[in-house]
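For reference, work_18.cif is printed below; it contains mmCIF, N, CA and C atoms.
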data_start
#
loop_
_atom_site.label_atom_id
_atom_site.label_comp_id
_atom_site.auth_asym_id
_atom_site.auth_seq_id
_atom_site.Cartn_x
_atom_site.Cartn_y
_atom_site.Cartn_z
N MET M 431 112.33 214.51 155.66
CA MET M 431 113.31 215.47 156.14
C MET M 431 114.63 214.74 156.40
N PRO M 432 115.77 215.27 155.87
CA PRO M 432 117.06 214.64 156.13
C PRO M 432 117.36 214.64 157.62
N GLN M 433 118.04 213.61 158.06
CA GLN M 433 118.38 213.47 159.47
C GLN M 433 119.89 213.59 159.65
N ARG M 434 120.32 214.17 160.75
CA ARG M 434 121.74 214.22 161.09
C ARG M 434 122.02 213.18 162.14
N LYS M 435 123.18 212.58 162.03
CA LYS M 435 123.58 211.59 163.03
C LYS M 435 124.77 212.13 163.79
N CYS M 436 124.71 212.02 165.08
CA CYS M 436 125.80 212.45 165.93
C CYS M 436 125.93 211.46 167.08
N CYS M 437 127.09 210.91 167.22
CA CYS M 437 127.34 209.98 168.33
C CYS M 437 126.31 208.85 168.37
N GLY M 438 125.88 208.39 167.20
CA GLY M 438 124.92 207.30 167.11
C GLY M 438 123.48 207.71 167.33
N VAL M 439 123.23 209.02 167.54
CA VAL M 439 121.88 209.51 167.79
C VAL M 439 121.44 210.31 166.57
N THR M 440 120.23 210.06 166.08
CA THR M 440 119.71 210.80 164.94
C THR M 440 119.06 212.09 165.44
N ARG M 441 119.45 213.20 164.83
CA ARG M 441 118.92 214.51 165.20
C ARG M 441 117.81 214.89 164.21
N GLY M 442 116.90 215.74 164.61
CA GLY M 442 115.75 216.09 163.80
C GLY M 442 115.96 217.15 162.74
N ARG M 443 116.93 218.01 162.88
CA ARG M 443 117.13 219.08 161.91
C ARG M 443 118.41 218.86 161.11
N SER M 444 118.32 219.13 159.81
CA SER M 444 119.53 219.10 158.99
C SER M 444 120.23 220.44 159.16
N ALA M 445 121.48 220.50 158.74
CA ALA M 445 122.24 221.74 158.88
C ALA M 445 121.59 222.87 158.10
N SER M 446 120.92 222.55 156.98
CA SER M 446 120.30 223.59 156.17
C SER M 446 119.04 224.15 156.80
N GLN M 447 118.51 223.52 157.83
CA GLN M 447 117.27 223.96 158.44
C GLN M 447 117.48 224.68 159.75
N ARG M 448 118.70 225.03 160.07
CA ARG M 448 118.97 225.73 161.32
C ARG M 448 118.22 227.05 161.34
N THR M 449 117.75 227.41 162.50
CA THR M 449 117.03 228.67 162.63
C THR M 449 117.93 229.78 163.15
N ASP M 450 119.17 229.47 163.50
CA ASP M 450 120.06 230.48 164.05
C ASP M 450 120.87 231.21 162.98
N GLY M 451 120.68 230.89 161.70
CA GLY M 451 121.35 231.62 160.63
C GLY M 451 122.77 231.18 160.35
N ARG M 452 123.30 230.19 161.03
CA ARG M 452 124.70 229.80 160.81
C ARG M 452 124.92 229.12 159.47
N LYS M 453 123.91 228.55 158.87
CA LYS M 453 124.11 227.76 157.66
C LYS M 453 123.83 228.53 156.38
N ARG M 454 122.78 229.28 156.31
CA ARG M 454 122.30 229.86 155.06
C ARG M 454 123.02 231.14 154.65
N ARG M 455 124.14 231.45 155.21
CA ARG M 455 124.78 232.70 154.86
C ARG M 455 125.54 232.60 153.54
N GLU M 456 125.61 233.73 152.88
CA GLU M 456 126.35 233.83 151.63
C GLU M 456 127.76 234.30 151.96
N VAL M 457 128.75 233.66 151.34
CA VAL M 457 130.15 233.99 151.62
C VAL M 457 130.81 234.42 150.32
N GLU M 458 131.46 235.59 150.34
CA GLU M 458 132.25 235.99 149.18
C GLU M 458 133.54 235.20 149.20
N VAL M 459 133.77 234.45 148.14
CA VAL M 459 134.96 233.61 148.07
C VAL M 459 136.17 234.48 147.76
N GLU M 460 136.16 235.16 146.62
CA GLU M 460 137.14 236.17 146.23
C GLU M 460 136.88 236.55 144.80
N GLY M 461 137.34 237.71 144.40
CA GLY M 461 137.23 238.14 143.02
C GLY M 461 135.82 238.33 142.51
N GLY M 462 134.89 238.74 143.37
CA GLY M 462 133.52 238.97 142.95
C GLY M 462 132.68 237.72 142.87
N ILE M 463 133.09 236.66 143.55
CA ILE M 463 132.35 235.40 143.56
C ILE M 463 131.78 235.19 144.95
N ALA M 464 130.47 234.87 145.02
CA ALA M 464 129.83 234.57 146.30
C ALA M 464 129.13 233.22 146.18
N VAL M 465 129.18 232.44 147.27
CA VAL M 465 128.57 231.11 147.30
C VAL M 465 127.72 231.00 148.56
N SER M 466 126.57 230.35 148.41
CA SER M 466 125.72 230.05 149.57
C SER M 466 124.97 228.76 149.30
N PRO M 467 124.61 228.01 150.32
CA PRO M 467 124.98 228.20 151.72
C PRO M 467 126.38 227.66 151.97
N VAL M 468 126.99 228.16 152.99
CA VAL M 468 128.32 227.69 153.39
C VAL M 468 128.23 227.30 154.85
N PRO M 469 128.72 226.13 155.22
CA PRO M 469 129.45 225.16 154.41
C PRO M 469 128.53 224.43 153.44
N LEU M 470 129.14 223.90 152.35
CA LEU M 470 128.39 223.14 151.34
C LEU M 470 128.12 221.73 151.85
N THR M 471 126.90 221.27 151.62
CA THR M 471 126.50 219.93 152.04
C THR M 471 125.92 219.18 150.85
N MET M 472 126.32 217.93 150.69
CA MET M 472 125.82 217.13 149.59
C MET M 472 124.29 217.06 149.62
N GLY M 473 123.68 217.21 148.46
CA GLY M 473 122.24 217.15 148.34
C GLY M 473 121.53 218.47 148.48
N GLU M 474 122.23 219.52 148.88
CA GLU M 474 121.63 220.83 149.03
C GLU M 474 121.77 221.66 147.76
N ARG M 475 120.85 222.62 147.60
CA ARG M 475 120.90 223.55 146.48
C ARG M 475 121.96 224.62 146.79
N VAL M 476 122.85 224.83 145.84
CA VAL M 476 123.94 225.79 145.98
C VAL M 476 123.66 226.96 145.03
N THR M 477 123.93 228.17 145.48
CA THR M 477 123.83 229.35 144.64
C THR M 477 125.23 229.94 144.48
N VAL M 478 125.62 230.19 143.23
CA VAL M 478 126.89 230.86 142.94
C VAL M 478 126.55 232.16 142.23
N LYS M 479 127.11 233.27 142.76
CA LYS M 479 126.92 234.59 142.16
C LYS M 479 128.27 235.07 141.64
N TYR M 480 128.22 235.73 140.48
CA TYR M 480 129.46 236.12 139.81
C TYR M 480 129.40 237.58 139.38
N GLN M 481 130.41 238.35 139.79
CA GLN M 481 130.60 239.74 139.37
C GLN M 481 132.05 239.96 138.96
N GLY M 482 132.70 238.92 138.49
CA GLY M 482 134.12 238.95 138.18
C GLY M 482 134.46 239.60 136.86
N LEU M 483 135.63 239.26 136.32
CA LEU M 483 136.19 239.89 135.14
C LEU M 483 135.27 239.85 133.92
N LEU M 484 134.64 238.71 133.66
CA LEU M 484 133.78 238.59 132.49
C LEU M 484 132.56 239.49 132.61
N ALA M 485 131.98 239.55 133.80
CA ALA M 485 130.83 240.42 134.04
C ALA M 485 131.24 241.88 133.88
N GLN M 486 132.40 242.24 134.38
CA GLN M 486 132.88 243.61 134.29
C GLN M 486 133.23 244.00 132.86
N SER M 487 133.51 242.99 132.02
CA SER M 487 133.85 243.23 130.61
C SER M 487 132.61 243.28 129.73
N GLY M 488 131.43 243.11 130.30
CA GLY M 488 130.19 243.22 129.55
C GLY M 488 129.79 241.96 128.81
N ALA M 489 130.11 240.79 129.34
CA ALA M 489 129.75 239.53 128.69
C ALA M 489 128.25 239.46 128.45
N GLU M 490 127.86 238.94 127.28
CA GLU M 490 126.45 238.78 126.95
C GLU M 490 125.84 237.57 127.67
N GLN M 491 126.65 236.54 127.90
CA GLN M 491 126.21 235.34 128.61
C GLN M 491 127.40 234.79 129.38
N VAL M 492 127.18 234.34 130.61
CA VAL M 492 128.22 233.75 131.44
C VAL M 492 127.77 232.35 131.83
N TYR M 493 128.74 231.42 131.86
CA TYR M 493 128.48 230.03 132.24
C TYR M 493 129.35 229.66 133.42
N LEU M 494 128.78 228.91 134.36
CA LEU M 494 129.55 228.31 135.43
C LEU M 494 130.07 226.98 134.88
N HIS M 495 131.37 226.80 134.87
CA HIS M 495 132.01 225.54 134.45
C HIS M 495 132.40 224.84 135.74
N LYS M 496 131.71 223.72 136.06
CA LYS M 496 131.91 223.09 137.36
C LYS M 496 132.18 221.60 137.21
N GLY M 497 132.83 221.05 138.23
CA GLY M 497 133.07 219.63 138.32
C GLY M 497 133.41 219.27 139.76
N TYR M 498 133.56 217.98 140.01
CA TYR M 498 133.82 217.49 141.36
C TYR M 498 135.11 216.69 141.40
N GLY M 499 135.74 216.65 142.56
CA GLY M 499 136.93 215.85 142.76
C GLY M 499 138.16 216.69 143.01
N PRO M 500 139.35 216.06 142.92
CA PRO M 500 140.58 216.81 143.13
C PRO M 500 140.77 217.85 142.03
N GLY M 501 141.49 218.91 142.34
CA GLY M 501 141.68 220.02 141.41
C GLY M 501 142.28 219.64 140.08
N HIS M 502 143.07 218.57 140.04
CA HIS M 502 143.72 218.16 138.79
C HIS M 502 142.92 217.14 137.99
N SER M 503 141.79 216.67 138.53
CA SER M 503 141.03 215.62 137.85
C SER M 503 139.54 215.77 138.16
N TRP M 504 138.86 216.67 137.44
CA TRP M 504 137.44 216.91 137.67
C TRP M 504 136.60 215.80 137.06
N SER M 505 135.49 215.46 137.71
CA SER M 505 134.52 214.53 137.13
C SER M 505 133.16 215.22 137.09
N SER M 506 132.22 214.66 136.35
CA SER M 506 130.87 215.22 136.22
C SER M 506 130.90 216.69 135.83
N VAL M 507 131.72 217.02 134.84
CA VAL M 507 131.91 218.42 134.42
C VAL M 507 130.68 218.90 133.65
N GLN M 508 130.23 220.11 133.99
CA GLN M 508 129.08 220.72 133.33
C GLN M 508 129.31 222.20 133.13
N ASP M 509 128.71 222.74 132.07
CA ASP M 509 128.63 224.19 131.86
C ASP M 509 127.19 224.60 132.10
N LEU M 510 126.94 225.38 133.13
CA LEU M 510 125.59 225.81 133.48
C LEU M 510 125.42 227.28 133.11
N PRO M 511 124.41 227.61 132.28
CA PRO M 511 124.17 229.01 131.95
C PRO M 511 123.71 229.77 133.19
N MET M 512 124.27 230.94 133.37
CA MET M 512 123.92 231.78 134.50
C MET M 512 122.90 232.83 134.04
N GLN M 513 122.09 233.30 134.97
CA GLN M 513 121.08 234.33 134.70
C GLN M 513 121.54 235.64 135.33
N LYS M 514 121.33 236.73 134.61
CA LYS M 514 121.69 238.04 135.14
C LYS M 514 120.52 238.59 135.94
N ASN M 515 120.79 238.93 137.20
CA ASN M 515 119.76 239.41 138.11
C ASN M 515 120.28 240.66 138.81
N LYS M 516 119.76 241.81 138.46
CA LYS M 516 120.18 243.09 139.05
C LYS M 516 121.68 243.29 138.91
N GLY M 517 122.22 242.99 137.74
CA GLY M 517 123.64 243.20 137.45
C GLY M 517 124.58 242.12 137.94
N VAL M 518 124.02 241.06 138.56
CA VAL M 518 124.85 239.97 139.08
C VAL M 518 124.45 238.68 138.36
N TRP M 519 125.44 237.95 137.85
CA TRP M 519 125.19 236.66 137.22
C TRP M 519 125.06 235.62 138.33
N GLU M 520 124.04 234.76 138.24
CA GLU M 520 123.88 233.73 139.27
C GLU M 520 123.31 232.45 138.68
N VAL M 521 123.60 231.36 139.37
CA VAL M 521 123.09 230.05 138.98
C VAL M 521 122.90 229.21 140.24
N GLN M 522 121.94 228.29 140.17
CA GLN M 522 121.71 227.35 141.27
C GLN M 522 121.82 225.93 140.74
N PHE M 523 122.30 225.04 141.60
CA PHE M 523 122.40 223.62 141.26
C PHE M 523 122.46 222.84 142.56
N VAL M 524 122.26 221.54 142.47
CA VAL M 524 122.33 220.68 143.64
C VAL M 524 123.73 220.09 143.73
N ALA M 525 124.36 220.21 144.89
CA ALA M 525 125.68 219.60 145.13
C ALA M 525 125.45 218.09 145.23
N ASP M 526 125.79 217.37 144.18
CA ASP M 526 125.47 215.94 144.14
C ASP M 526 126.69 215.04 144.30
N SER M 527 127.69 215.53 145.00
CA SER M 527 128.87 214.73 145.29
C SER M 527 129.42 215.15 146.65
N ALA M 528 129.86 214.20 147.44
CA ALA M 528 130.45 214.52 148.74
C ALA M 528 131.96 214.54 148.59
N SER M 529 132.44 215.40 147.72
CA SER M 529 133.89 215.52 147.52
C SER M 529 134.27 217.00 147.52
N ARG M 530 134.73 217.48 146.40
CA ARG M 530 135.17 218.86 146.28
C ARG M 530 134.52 219.47 145.06
N LEU M 531 133.94 220.66 145.21
CA LEU M 531 133.38 221.40 144.09
C LEU M 531 134.47 222.29 143.52
N ASN M 532 134.73 222.16 142.23
CA ASN M 532 135.69 223.01 141.52
C ASN M 532 134.92 223.79 140.47
N PHE M 533 135.25 225.05 140.29
CA PHE M 533 134.54 225.81 139.28
C PHE M 533 135.34 227.00 138.78
N CYS M 534 134.96 227.46 137.60
CA CYS M 534 135.45 228.68 137.00
C CYS M 534 134.33 229.19 136.10
N PHE M 535 134.60 230.20 135.30
CA PHE M 535 133.55 230.83 134.50
C PHE M 535 134.04 231.05 133.08
N LYS M 536 133.10 231.03 132.13
CA LYS M 536 133.42 231.38 130.75
C LYS M 536 132.25 232.16 130.19
N ASP M 537 132.51 232.91 129.11
CA ASP M 537 131.42 233.64 128.48
C ASP M 537 131.10 233.02 127.12
N ASN M 538 130.16 233.60 126.41
CA ASN M 538 129.73 233.05 125.13
C ASN M 538 130.78 233.21 124.03
N ALA M 539 131.82 234.00 124.26
CA ALA M 539 132.92 234.18 123.30
C ALA M 539 134.13 233.31 123.67
N GLU M 540 133.93 232.36 124.61
CA GLU M 540 134.99 231.45 125.08
C GLU M 540 136.13 232.16 125.82
N ASN M 541 135.84 233.31 126.42
CA ASN M 541 136.80 233.94 127.34
C ASN M 541 136.58 233.29 128.70
N TRP M 542 137.67 233.06 129.43
CA TRP M 542 137.61 232.35 130.71
C TRP M 542 138.05 233.24 131.86
N ASP M 543 137.43 233.02 133.00
CA ASP M 543 137.90 233.57 134.27
C ASP M 543 138.12 232.36 135.17
N ASN M 544 139.39 231.98 135.30
CA ASN M 544 139.73 230.77 136.07
C ASN M 544 140.61 231.10 137.27
N ASN M 545 140.47 232.32 137.79
CA ASN M 545 141.19 232.70 139.00
C ASN M 545 142.70 232.56 138.80
N ASN M 546 143.18 233.07 137.67
CA ASN M 546 144.61 233.00 137.32
C ASN M 546 145.14 231.57 137.31
N GLY M 547 144.31 230.65 136.76
CA GLY M 547 144.72 229.25 136.63
C GLY M 547 144.48 228.40 137.86
N ARG M 548 144.00 228.99 138.93
CA ARG M 548 143.77 228.24 140.18
C ARG M 548 142.35 227.74 140.32
N ASN M 549 141.41 228.28 139.51
CA ASN M 549 139.99 227.99 139.65
C ASN M 549 139.52 228.32 141.06
N TRP M 550 138.31 227.99 141.39
CA TRP M 550 137.77 228.12 142.74
C TRP M 550 137.40 226.73 143.20
N SER M 551 137.52 226.47 144.48
CA SER M 551 137.32 225.12 144.99
C SER M 551 136.81 225.18 146.43
N LEU M 552 135.75 224.39 146.69
CA LEU M 552 135.18 224.32 148.04
C LEU M 552 134.89 222.86 148.38
N GLU M 553 135.17 222.49 149.59
CA GLU M 553 134.89 221.13 150.07
C GLU M 553 133.39 220.97 150.28
N ILE M 554 132.86 219.81 149.93
CA ILE M 554 131.46 219.47 150.18
C ILE M 554 131.45 218.37 151.23
N HIS M 555 130.66 218.53 152.27
CA HIS M 555 130.62 217.48 153.29
C HIS M 555 129.33 216.67 153.16
N SER M 556 129.31 215.54 153.77
CA SER M 556 128.20 214.59 153.64
C SER M 556 126.96 214.99 154.44
N GLY M 557 127.11 215.87 155.40
CA GLY M 557 126.00 216.27 156.25
C GLY M 557 125.92 215.49 157.55
N GLU M 558 126.73 214.45 157.67
CA GLU M 558 126.76 213.67 158.91
C GLU M 558 127.88 214.17 159.80
N ILE M 559 127.60 214.21 161.09
CA ILE M 559 128.60 214.63 162.07
C ILE M 559 129.25 213.35 162.59
N PRO M 560 130.60 213.29 162.51
CA PRO M 560 131.28 212.04 162.96
C PRO M 560 131.12 211.79 164.44
#
I'd like the structure from this file rewritten - as structure tokens, please.
Amino acid sequence: MPQRKCCGVTRGRSASQRTDGRKRREVEVEGGIAVSPVPLTMGERVTVKYQGLLAQSGAEQVYLHKGYGPGHSWSSVQDLPMQKNKGVWEVQFVADSASRLNFCFKDNAENWDNNNGRNWSLEIHSGEIP
């Protein structure tokens, strides 16, 4: 079980194992995009749900295009195929970097939804409390 450190003391529960519901909530980012759990923690499984422009246009397949780092210089870039579940495209992956998650979406016809050129971006924390 991952341990949290606070003030030099190791705690028994990780942020993802809270029983009060503060961690596992799904948050709508904007434009039909939802992410959970929030806040993002390195090493945890992340779920991204998509109901944006490509989904509304009837895309046959949608991909999450993701990478890590500053918005102008992504690293570890991947295209992950999303699965359609009750009309919502979704994908899961492990946040494997303690930096910044950047993402946008594309379909099988190479149409992009990149939030009007801004993409979507969320900070990932290490899981340790300073």
Could you pull out the helix (DSSP H, G or I) residues of chain M, going by DSSP on the backbone, and write them as a ChimeraX atom specification? /M:445-447,483-486
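Look at everything within 6.5 Å of (131.4, 238.2, 140.5) using only N, CA and C atoms, and the residues you get are Gly461, Gly462, Ile463, Ala464, Lys479, Tyr480, Gln481, Gly482 and Leu483 of chain M.
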Writer output for current selection, N, CA and C atoms, as an mmCIF file, in the coordinates of the input:
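Heads up, here's the output in part31.cif:
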data_model
loop_
_atom_site.group_PDB
_atom_site.id
_atom_site.type_symbol
_atom_site.label_atom_id
_atom_site.label_comp_id
_atom_site.auth_asym_id
_atom_site.auth_seq_id
_atom_site.Cartn_x
_atom_site.Cartn_y
_atom_site.Cartn_z
ATOM 1 N N GLY M 461 137.340 237.710 144.400
ATOM 2 C CA GLY M 461 137.230 238.140 143.020
ATOM 3 C C GLY M 461 135.820 238.330 142.510
ATOM 4 N N GLY M 462 134.890 238.740 143.370
ATOM 5 C CA GLY M 462 133.520 238.970 142.950
ATOM 6 C C GLY M 462 132.680 237.720 142.870
ATOM 7 N N ILE M 463 133.090 236.660 143.550
ATOM 8 C CA ILE M 463 132.350 235.400 143.560
ATOM 9 C C ILE M 463 131.780 235.190 144.950
ATOM 10 N N ALA M 464 130.470 234.870 145.020
ATOM 11 C CA ALA M 464 129.830 234.570 146.300
ATOM 12 C C ALA M 464 129.130 233.220 146.180
ATOM 13 N N LYS M 479 127.110 233.270 142.760
ATOM 14 C CA LYS M 479 126.920 234.590 142.160
ATOM 15 C C LYS M 479 128.270 235.070 141.640
ATOM 16 N N TYR M 480 128.220 235.730 140.480
ATOM 17 C CA TYR M 480 129.460 236.120 139.810
ATOM 18 C C TYR M 480 129.400 237.580 139.380
ATOM 19 N N GLN M 481 130.410 238.350 139.790
ATOM 20 C CA GLN M 481 130.600 239.740 139.370
ATOM 21 C C GLN M 481 132.050 239.960 138.960
ATOM 22 N N GLY M 482 132.700 238.920 138.490
ATOM 23 C CA GLY M 482 134.120 238.950 138.180
ATOM 24 C C GLY M 482 134.460 239.600 136.860
ATOM 25 N N LEU M 483 135.630 239.260 136.320
ATOM 26 C CA LEU M 483 136.190 239.890 135.140
ATOM 27 C C LEU M 483 135.270 239.850 133.920
#
Set the distance at 12 Å and use only C-alpha atoms: which residues neighbour His502 (chain M) once local chain neighbours fewer than 2 positions away are removed? I'd like the list as an MDAnalysis selection string. chainID M and resid 497:500 504:505 530 532:533 547:549 551
Could you tell me which residues the PyMOL selection byres (((chain M and resi 490 and name CA) around 9) and name CA) grabs in this file, written as a PyMOL selection string? chain M and resi 485+488-489+491-492+537-539
Kindly provide, as number ranges by chain, the polymer residues lying within 12 Å of (127.7, 215.4, 150.2), counting only C-alpha atoms and using the coordinates exactly as they appear in the file. M: 469-476, 498-499, 524-531, 552-559
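Distance-wise, CA of Lys536 (chain M) and CA of Arg455 (chain M) end up 25.6 Å apart.
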Using backbone DSSP assignments, extract all strand (DSSP E or B) residues from chain M; output them as a ChimeraX atom specification. /M:434-436,439-441,457-460,463-466,470-471,475-480,492-498,505-511,513-515,518-524,530-537,542-543,550-555
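A straight line drawn from CA of His495 (chain M) to CA of Glu456 (chain M) is 19.9 Å long.
Nearest to Trp542 (chain M) of all the residues M:Val518, M:Val468, M:Val478, M:Leu484 is M:Leu484, based on all atoms listed in the file.
Among the candidates M:Gln486, M:Glu520, M:Cys534, M:Asn541, the one nearest to Val507 (chain M) when counting only C-alpha atoms is M:Cys534.
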Kindly provide, as lines of an AutoDock Vina configuration file, the centre and edge lengths (Å, one decimal) of an axis-aligned box around all atoms of region 466-471 of chain M given in the file, with 5 Å on each side.
center_x = 127.0
center_y = 224.8
center_z = 151.8
size_x = 14.8
size_y = 21.2
size_z = 16.8
